[in-house]
Each structure stands twice: as C-alpha cells, then as structure tokens.
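Participant: data.txt is reproduced in full below (compact mmCIF, C-alpha atoms).
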```txt
# COMPACT_ATOMS: atom_id res chain seq x y z
CA MET M 1 99.89 -139.62 275.01
CA ALA M 2 96.61 -137.68 274.88
CA GLN M 3 98.41 -134.75 273.30
CA SER M 4 99.83 -137.02 270.54
CA LYS M 5 96.38 -138.43 269.69
CA LYS M 6 94.94 -134.91 269.62
CA THR M 7 97.68 -133.77 267.24
CA SER M 8 97.07 -136.74 264.88
CA LEU M 9 93.33 -136.05 264.86
CA LEU M 10 93.88 -132.38 264.05
CA SER M 11 96.26 -133.33 261.22
CA ALA M 12 93.70 -135.70 259.74
CA LEU M 13 90.97 -133.04 259.91
CA ALA M 14 93.27 -130.56 258.26
CA MET M 15 93.98 -133.07 255.42
CA ALA M 16 90.26 -133.68 254.91
CA ASN M 17 89.68 -129.96 254.53
CA ARG M 18 92.27 -129.56 251.79
CA PRO M 19 90.85 -130.64 248.38
CA ARG M 20 94.19 -130.19 246.65
CA LEU M 21 95.87 -132.64 248.97
CA ARG M 22 93.06 -135.17 248.47
CA MET M 23 93.34 -134.87 244.66
CA LEU M 24 97.12 -135.24 244.84
CA ALA M 25 96.79 -138.41 246.91
CA LEU M 26 94.21 -139.82 244.49
CA ALA M 27 96.39 -139.00 241.49
CA THR M 28 99.38 -140.69 243.14
CA THR M 29 97.33 -143.81 243.80
CA ILE M 30 96.11 -143.97 240.17
CA ALA M 31 99.64 -143.45 238.84
CA ALA M 32 100.94 -146.27 241.03
CA ALA M 33 98.16 -148.60 239.85
CA VAL M 34 98.89 -147.81 236.17
CA PHE M 35 102.61 -148.40 236.74
CA LEU M 36 101.95 -151.78 238.36
CA LEU M 37 99.64 -152.84 235.54
CA TRP M 38 102.18 -151.74 232.94
CA GLN M 39 104.91 -153.74 234.68
CA SER M 40 102.69 -156.86 234.89
CA ASP M 41 103.76 -159.99 233.03
CA GLU M 42 100.16 -160.67 231.92
CA PRO M 43 99.40 -159.78 228.26
CA PRO M 44 96.92 -156.91 227.78
CA MET M 45 94.71 -159.02 225.50
CA THR M 46 94.06 -162.73 225.23
CA SER M 47 94.86 -164.08 221.77
CA TYR M 48 92.55 -166.44 219.85
CA SER M 49 94.85 -169.42 220.42
CA ASP M 50 95.15 -168.67 224.14
CA ALA M 51 91.36 -168.41 224.46
CA ARG M 52 91.02 -171.74 222.63
CA GLN M 53 93.43 -173.37 225.08
CA LEU M 54 91.51 -172.00 228.04
CA ARG M 55 88.13 -173.31 226.92
CA GLY M 56 89.45 -176.58 225.42
CA ASN M 57 89.26 -178.12 221.96
CA ALA M 58 85.85 -179.64 222.62
CA GLU M 59 84.22 -176.23 223.03
CA PRO M 60 82.93 -174.48 219.87
CA ASP M 61 84.13 -171.09 218.67
CA GLY M 62 80.52 -170.07 218.16
CA PHE M 63 77.02 -171.41 217.71
CA VAL M 64 73.80 -170.60 215.85
CA VAL M 65 70.31 -171.30 217.20
CA ASN M 66 67.69 -172.34 214.62
CA GLY M 67 70.27 -172.12 211.85
CA LYS M 68 69.71 -172.57 208.13
CA TYR M 69 72.31 -173.35 205.44
CA THR M 70 71.69 -173.16 201.68
CA SER M 71 74.05 -174.27 198.91
CA TYR M 72 73.68 -173.37 195.21
CA ASP M 73 75.06 -174.85 192.01
CA GLU M 74 76.93 -172.90 189.31
CA THR M 75 73.64 -171.82 187.68
CA GLY M 76 72.25 -170.40 190.92
CA GLN M 77 69.81 -173.25 191.53
CA ARG M 78 69.44 -174.65 195.03
CA LYS M 79 71.39 -177.85 195.69
CA ILE M 80 70.83 -178.36 199.40
CA VAL M 81 68.99 -176.64 202.22
CA PHE M 82 69.42 -177.87 205.77
CA THR M 83 68.21 -176.59 209.10
CA SER M 84 69.10 -177.38 212.70
CA PRO M 85 67.94 -176.12 216.10
CA ARG M 86 71.61 -175.69 217.08
CA ILE M 87 74.74 -175.47 214.93
CA GLU M 88 78.17 -175.26 216.59
CA GLN M 89 81.18 -173.94 214.66
CA PHE M 90 84.83 -175.00 215.06
CA GLU M 91 87.02 -172.61 213.10
CA ASP M 92 90.32 -174.55 213.19
CA GLU M 93 88.73 -177.64 211.64
CA ASN M 94 86.38 -175.59 209.41
CA LEU M 95 83.68 -177.82 210.87
CA ALA M 96 80.07 -177.26 211.85
CA THR M 97 78.15 -179.78 213.97
CA MET M 98 74.35 -179.93 214.09
CA GLU M 99 71.66 -181.22 216.39
CA SER M 100 68.70 -182.96 214.71
CA PRO M 101 69.59 -181.78 211.20
CA ASN M 102 67.01 -181.79 208.42
CA ALA M 103 68.12 -181.48 204.80
CA GLU M 104 66.43 -181.07 201.42
CA LEU M 105 68.41 -182.20 198.36
CA PHE M 106 67.34 -180.67 195.06
CA SER M 107 67.82 -182.16 191.62
CA ALA M 108 67.69 -180.45 188.23
CA THR M 109 65.63 -183.35 186.87
CA ASP M 110 63.33 -184.04 189.83
CA PRO M 111 60.67 -181.57 191.04
CA GLU M 112 60.53 -183.20 194.49
CA PRO M 113 63.56 -182.86 196.80
CA TRP M 114 65.01 -185.76 198.74
CA ILE M 115 64.43 -185.26 202.47
CA LEU M 116 67.10 -186.29 204.98
CA ASP M 117 67.00 -186.13 208.76
CA ALA M 118 69.06 -187.61 211.61
CA ASP M 119 69.95 -187.26 215.28
CA ASN M 120 73.29 -185.57 214.55
CA GLY M 121 75.21 -184.11 211.67
CA SER M 122 78.56 -182.54 210.85
CA LEU M 123 79.52 -180.40 207.88
CA LEU M 124 83.09 -180.15 206.60
CA ARG M 125 82.76 -176.83 204.83
CA ASN M 126 85.96 -177.05 202.75
CA GLN M 127 84.93 -180.38 201.19
CA ASP M 128 81.18 -179.65 201.34
CA LEU M 129 80.64 -183.05 203.01
CA LEU M 130 77.68 -183.60 205.31
CA ASP M 131 77.87 -186.61 207.63
CA LEU M 132 74.64 -187.75 209.31
CA THR M 133 74.54 -190.22 212.22
CA GLY M 134 71.85 -191.79 214.37
CA ASN M 135 68.41 -192.76 213.03
CA VAL M 136 69.16 -191.45 209.56
CA ARG M 137 66.10 -191.31 207.32
CA VAL M 138 65.89 -190.46 203.62
CA VAL M 139 62.51 -189.86 202.01
CA ARG M 140 62.29 -189.84 198.21
CA THR M 141 59.10 -189.11 196.26
CA ILE M 142 58.62 -189.85 192.58
CA GLY M 143 55.13 -189.05 191.37
CA ASP M 144 52.67 -190.70 193.73
CA ARG M 145 55.23 -193.22 195.03
CA THR M 146 57.26 -192.55 198.19
CA ALA M 147 60.21 -194.59 199.42
CA THR M 148 61.90 -194.29 202.82
CA LEU M 149 65.46 -195.41 203.50
CA ASN M 150 66.65 -195.95 207.08
CA THR M 151 70.25 -196.41 208.23
CA GLU M 152 72.60 -195.40 211.06
CA SER M 153 75.02 -193.23 209.09
CA LEU M 154 75.05 -191.46 205.75
CA THR M 155 77.43 -189.11 203.94
CA LEU M 156 76.33 -186.46 201.48
CA ASP M 157 78.96 -185.27 199.01
CA ASN M 158 77.41 -182.02 197.89
CA ASP M 159 80.05 -181.35 195.20
CA GLN M 160 79.51 -184.74 193.54
CA GLY M 161 75.76 -184.88 194.17
CA ILE M 162 75.93 -188.33 195.78
CA VAL M 163 74.96 -189.91 199.10
CA TYR M 164 76.47 -193.14 200.42
CA THR M 165 76.89 -195.41 203.44
CA ASP M 166 78.56 -198.70 204.34
CA ASP M 167 76.02 -199.44 207.08
CA PRO M 168 72.98 -201.70 206.65
CA VAL M 169 70.03 -199.97 204.99
CA VAL M 170 66.31 -200.72 204.93
CA ILE M 171 64.17 -199.31 202.11
CA VAL M 172 60.40 -199.35 202.49
CA ASP M 173 57.96 -198.32 199.77
CA SER M 174 54.42 -199.11 198.70
CA VAL M 175 55.34 -202.46 197.14
CA GLY M 176 57.67 -203.97 199.73
CA THR M 177 60.85 -203.85 201.82
CA THR M 178 64.46 -204.10 200.66
CA ARG M 179 67.47 -204.69 202.90
CA ALA M 180 71.14 -204.37 201.97
CA LYS M 181 74.62 -203.74 203.32
CA GLY M 182 75.72 -200.33 202.08
CA MET M 183 74.39 -198.18 199.29
CA LYS M 184 75.27 -195.29 196.97
CA ALA M 185 72.86 -192.91 195.26
CA TRP M 186 73.26 -190.26 192.55
CA ILE M 187 70.76 -187.46 193.19
CA ASN M 188 70.53 -185.85 189.75
CA GLU M 189 70.47 -189.17 187.90
CA ARG M 190 67.93 -190.63 190.40
CA ILE M 191 69.99 -193.81 190.61
CA LEU M 192 70.24 -195.94 193.75
CA GLU M 193 72.85 -198.70 193.95
CA LEU M 194 72.81 -201.32 196.74
CA ASN M 195 76.23 -202.74 197.59
CA SER M 196 75.78 -206.29 198.94
CA GLN M 197 73.62 -208.77 200.88
CA VAL M 198 70.53 -207.50 199.12
CA GLU M 199 67.24 -209.03 200.25
CA GLY M 200 63.76 -208.05 199.14
CA ARG M 201 60.22 -208.84 200.18
CA TYR M 202 57.47 -207.59 197.91
CA GLU M 203 53.71 -207.80 197.83
CA THR M 204 52.15 -209.38 194.76
CA VAL M 205 49.83 -207.03 192.92
CA LYS M 206 46.46 -208.71 192.44
```
Would you mind writing the file's structure down as structure tokens?

Facilitator:
Amino acid sequence: MAQSKKTSLLSALAMANRPRLRMLALATTIAAAVFLLWQSDEPPMTSYSDARQLRGNAEPDGFVVNGKYTSYDETGQRKIVFTSPRIEQFEDENLATMESPNAELFSATDPEPWILDADNGSLLRNQDLLDLTGNVRVVRTIGDRTATLNTESLTLDNDQGIVYTDDPVVIVDSVGTTRAKGMKAWINERILELNSQVEGRYETVK
C-alpha cells in the first residue's frame, strides 16, 4: 500500500517536471471545451427580436438623457424644438416617450414661439405627432399680451401645424378667463377655435 502511494507520487512529480506533457494536457482541455461549445444548442449571438423578448415590450431599445429634438420646414426654418430630461426610444413602434417635455412651436408669421410643457409626452416619428399628457400648459405671446391655456392632454400635428384636444381647456389672459370643452389651433394662422361649452369671464376696462 505504501509502495503504491509512493509510485503515484513519483509519477505526479515526473508529470509536473515535463512542460510538454503539461502543454499537451492544456491543449486537450481547450479542444474539448471548444468542441462542447460548438455542439451546444445555444445560438452564438442573441438576435434583436430575442433580446426584445428577454427584456419585455415595456422596456425601451435605448434612451437619451437631456435630449433635444428639432424639426424644420421645407425652407429650412425651425418648426418645433423640444427638450426632455429623458427620452426613451421604442424602435418597433417608431415611438419616443419623454419625461417633462418642453416644446417651442415656431410660426412664419409670429416672432414669438408658442411654448408647450407637460408631465409626459410621446412622439410618433413617422406621423410627426406629439402627444402631451398631464398638466399640459400652452403659453402664447402676441405683442405685450400673454395667454396661457391649461388642459390634461394635447396633440401637436407637426406636419399640419395644428394643436388640438377634446379635453376641457382653461385660457387665462390679461382680460379674463375662458373655459371650453375641446379646442383646435392653427399655429401659422394664429387662429384658436373652441369646440363647445364655451364660458367666459372678463374684466371691464375702466
């Protein structure tokens, strides 16, 4: 028994002193590992659709911190500029969602842009539609007169140059307050149309 242990120990020492044998054993191990990996059923790379399934449809494909988006008309003039502290992108839907978006809408006939802000926003890039939700505010300045419109949702159609909502709106300016159910506005024409249930309270100029 002691002789057998002594023989095994001597064999191990002899193996440790032979670099060629150590390299051969290492090479055999690597070859076996490569063979096993090659025979594996797992794909070598994860496709885009597989990665999307793993993370779920609710997770974005990418995001931008302190993002800024600018759109131009056919003459190269700015139409809209909006910023957001975080923009998340969903490639399949061609959709971008925004936290606390702020937008400036420019008109060819008005030197002052319309200012829009909200709690949340989403941009459908194919249709160039911006949907704002939660504490939506629109500020419009004409000369020395400023009007503020408040509502819970608002859609900007950048191609048509219009903004609209079916929700109740409240418009406050220097002469009074106007309430209505739904509205539509044409930015370039500086036209605001109130849909229904219009009520106004105005101060009499003395």

Participant: Just the number, please: distance in Å from atom CA of Leu130 of chain M to atom CA of Asn66 of chain M, one decimal.

Facilitator: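 Taking atom CA of Leu130 of chain M as the start and atom CA of Asn66 of chain M as the end point, the length is 17.7 Å.
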
Participant: Need to verify the contact set: segment 75-81 of chain M, 8 Å, all atoms listed in the file, exclusion of same-chain residues closer than 2 positions in sequence. Can you return it as a list in words?

Facilitator: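 Residues near the query, excluding close chain neighbours: Lys68, Tyr69, Thr70, Ser71, Tyr72, Asp73, Thr83, Ala103, Glu104, Leu105, Phe106, Ser107 and Asn158 of chain M.
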
Participant: Point out the residue among M:Gly176, M:Pro60, M:Pro101, M:Pro113 with the least atom-to-atom distance to Ile142 of chain M, counting all atoms listed in the file.

Facilitator: M:Pro113

Participant: Looking at M:Val64, M:Arg140, M:Arg190, M:Ala147, which one is nearest to Gly161 of chain M, with distances taken over only C-alpha atoms?

Facilitator: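 Closest to Gly161 of chain M, using only C-alpha atoms: M:Arg190.
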
Participant: Which residues are close to Val170 of chain M, i.e. within 7 Å by only C-alpha atoms, leaving aside same-chain residues fewer than 2 positions away? Reply as a PyMOL selection string.

Facilitator: chain M and resi 149-151+168+172+178-180

Participant: Mind giving me the straight-line distance from atom CA of Gly143 of chain M to atom CA of Ser100 of chain M in Å, one decimal?

Facilitator: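 Atom CA of Gly143 of chain M sits 27.7 Å away from atom CA of Ser100 of chain M.
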
Participant: Between M:Glu74, M:Asp117, M:Glu189, M:Asp159, which residue has the minimum interatomic distance to Glu99 of chain M, considering only C-alpha atoms?

Facilitator: M:Asp117

Participant: So what do you get for atom CA of Asp157 of chain M versus atom CA of Asp92 of chain M, distance-wise?

Facilitator: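 Result for atom CA of Asp157 of chain M versus atom CA of Asp92 of chain M: 21.1 Å, one decimal.
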
Participant: Between M:Glu199, M:Glu152, M:Asp61, M:Glu193, which has the minimum distance to Thr97 of chain M (counting all atoms listed in the file)?

Facilitator: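 Between M:Glu199, M:Glu152, M:Asp61, M:Glu193, the residue approaching Thr97 of chain M most closely is M:Asp61.
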
Participant: With distances taken over all atoms listed in the file, which residue among M:Thr109, M:Gln89, M:Thr177, M:Ser84 lies nearest Thr148 of chain M?

Facilitator: M:Thr177

Participant: Once N, CA and C atoms are restored for segment 77-112 of chain M, what would the output be as a short mmCIF file (atom, residue, chain, number, x, y, z; two decimals), in the coordinates of the input?

Facilitator:
```cif
data_model
loop_
_atom_site.label_atom_id
_atom_site.label_comp_id
_atom_site.auth_asym_id
_atom_site.auth_seq_id
_atom_site.Cartn_x
_atom_site.Cartn_y
_atom_site.Cartn_z
N GLN M 77 70.91 -172.43 191.04
CA GLN M 77 69.81 -173.25 191.53
C GLN M 77 70.18 -173.87 192.88
N ARG M 78 69.19 -174.04 193.73
CA ARG M 78 69.44 -174.65 195.03
C ARG M 78 69.90 -176.10 194.88
N LYS M 79 70.94 -176.47 195.65
CA LYS M 79 71.39 -177.85 195.69
C LYS M 79 70.98 -178.52 197.00
N ILE M 80 71.15 -177.79 198.09
CA ILE M 80 70.83 -178.36 199.40
C ILE M 80 70.42 -177.24 200.35
N VAL M 81 69.42 -177.54 201.14
CA VAL M 81 68.99 -176.64 202.22
C VAL M 81 68.88 -177.49 203.47
N PHE M 82 69.62 -177.12 204.53
CA PHE M 82 69.42 -177.87 205.77
C PHE M 82 69.25 -176.92 206.94
N THR M 83 68.50 -177.37 207.91
CA THR M 83 68.21 -176.59 209.10
C THR M 83 68.56 -177.41 210.33
N SER M 84 68.79 -176.71 211.43
CA SER M 84 69.10 -177.38 212.70
C SER M 84 68.75 -176.45 213.84
N PRO M 85 68.22 -176.99 214.95
CA PRO M 85 67.94 -176.12 216.10
C PRO M 85 69.20 -175.56 216.74
N ARG M 86 70.34 -176.22 216.54
CA ARG M 86 71.61 -175.69 217.08
C ARG M 86 72.77 -176.15 216.20
N ILE M 87 73.55 -175.20 215.73
CA ILE M 87 74.74 -175.47 214.93
C ILE M 87 75.94 -174.88 215.67
N GLU M 88 76.96 -175.72 215.93
CA GLU M 88 78.17 -175.26 216.59
C GLU M 88 79.31 -175.22 215.58
N GLN M 89 80.12 -174.16 215.64
CA GLN M 89 81.18 -173.94 214.66
C GLN M 89 82.55 -174.08 215.31
N PHE M 90 83.45 -174.82 214.63
CA PHE M 90 84.83 -175.00 215.06
C PHE M 90 85.72 -174.48 213.94
N GLU M 91 86.32 -173.32 214.16
CA GLU M 91 87.02 -172.61 213.10
C GLU M 91 88.27 -173.35 212.64
N ASP M 92 89.06 -173.90 213.57
CA ASP M 92 90.32 -174.55 213.19
C ASP M 92 90.09 -175.71 212.23
N GLU M 93 89.04 -176.49 212.50
CA GLU M 93 88.73 -177.64 211.64
C GLU M 93 87.82 -177.28 210.48
N ASN M 94 87.36 -176.02 210.42
CA ASN M 94 86.38 -175.59 209.41
C ASN M 94 85.18 -176.53 209.42
N LEU M 95 84.71 -176.81 210.63
CA LEU M 95 83.68 -177.82 210.87
C LEU M 95 82.48 -177.19 211.55
N ALA M 96 81.30 -177.65 211.17
CA ALA M 96 80.07 -177.26 211.85
C ALA M 96 79.33 -178.53 212.24
N THR M 97 78.92 -178.63 213.50
CA THR M 97 78.15 -179.78 213.97
C THR M 97 76.71 -179.34 214.23
N MET M 98 75.77 -180.26 214.03
CA MET M 98 74.35 -179.93 214.09
C MET M 98 73.58 -180.91 214.95
N GLU M 99 72.62 -180.39 215.67
CA GLU M 99 71.66 -181.22 216.39
C GLU M 99 70.42 -181.40 215.52
N SER M 100 69.94 -182.64 215.44
CA SER M 100 68.70 -182.96 214.71
C SER M 100 68.62 -182.27 213.36
N PRO M 101 69.62 -182.46 212.49
CA PRO M 101 69.59 -181.78 211.20
C PRO M 101 68.50 -182.31 210.28
N ASN M 102 67.98 -181.44 209.46
CA ASN M 102 67.01 -181.79 208.42
C ASN M 102 67.48 -181.16 207.12
N ALA M 103 67.58 -181.96 206.07
CA ALA M 103 68.12 -181.48 204.80
C ALA M 103 67.18 -181.79 203.65
N GLU M 104 67.14 -180.87 202.68
CA GLU M 104 66.43 -181.07 201.42
C GLU M 104 67.46 -181.04 200.30
N LEU M 105 67.48 -182.10 199.48
CA LEU M 105 68.41 -182.20 198.36
C LEU M 105 67.64 -182.00 197.07
N PHE M 106 68.06 -181.02 196.28
CA PHE M 106 67.34 -180.67 195.06
C PHE M 106 68.07 -181.20 193.84
N SER M 107 67.29 -181.63 192.86
CA SER M 107 67.82 -182.16 191.62
C SER M 107 67.28 -181.35 190.44
N ALA M 108 68.12 -181.20 189.42
CA ALA M 108 67.69 -180.45 188.23
C ALA M 108 66.64 -181.22 187.45
N THR M 109 66.56 -182.53 187.65
CA THR M 109 65.63 -183.35 186.87
C THR M 109 64.43 -183.84 187.68
N ASP M 110 64.39 -183.51 188.97
CA ASP M 110 63.33 -184.04 189.83
C ASP M 110 62.66 -182.87 190.55
N PRO M 111 61.34 -182.70 190.38
CA PRO M 111 60.67 -181.57 191.04
C PRO M 111 60.59 -181.71 192.56
N GLU M 112 60.63 -182.96 193.06
CA GLU M 112 60.53 -183.20 194.49
C GLU M 112 61.91 -183.39 195.10
#
```
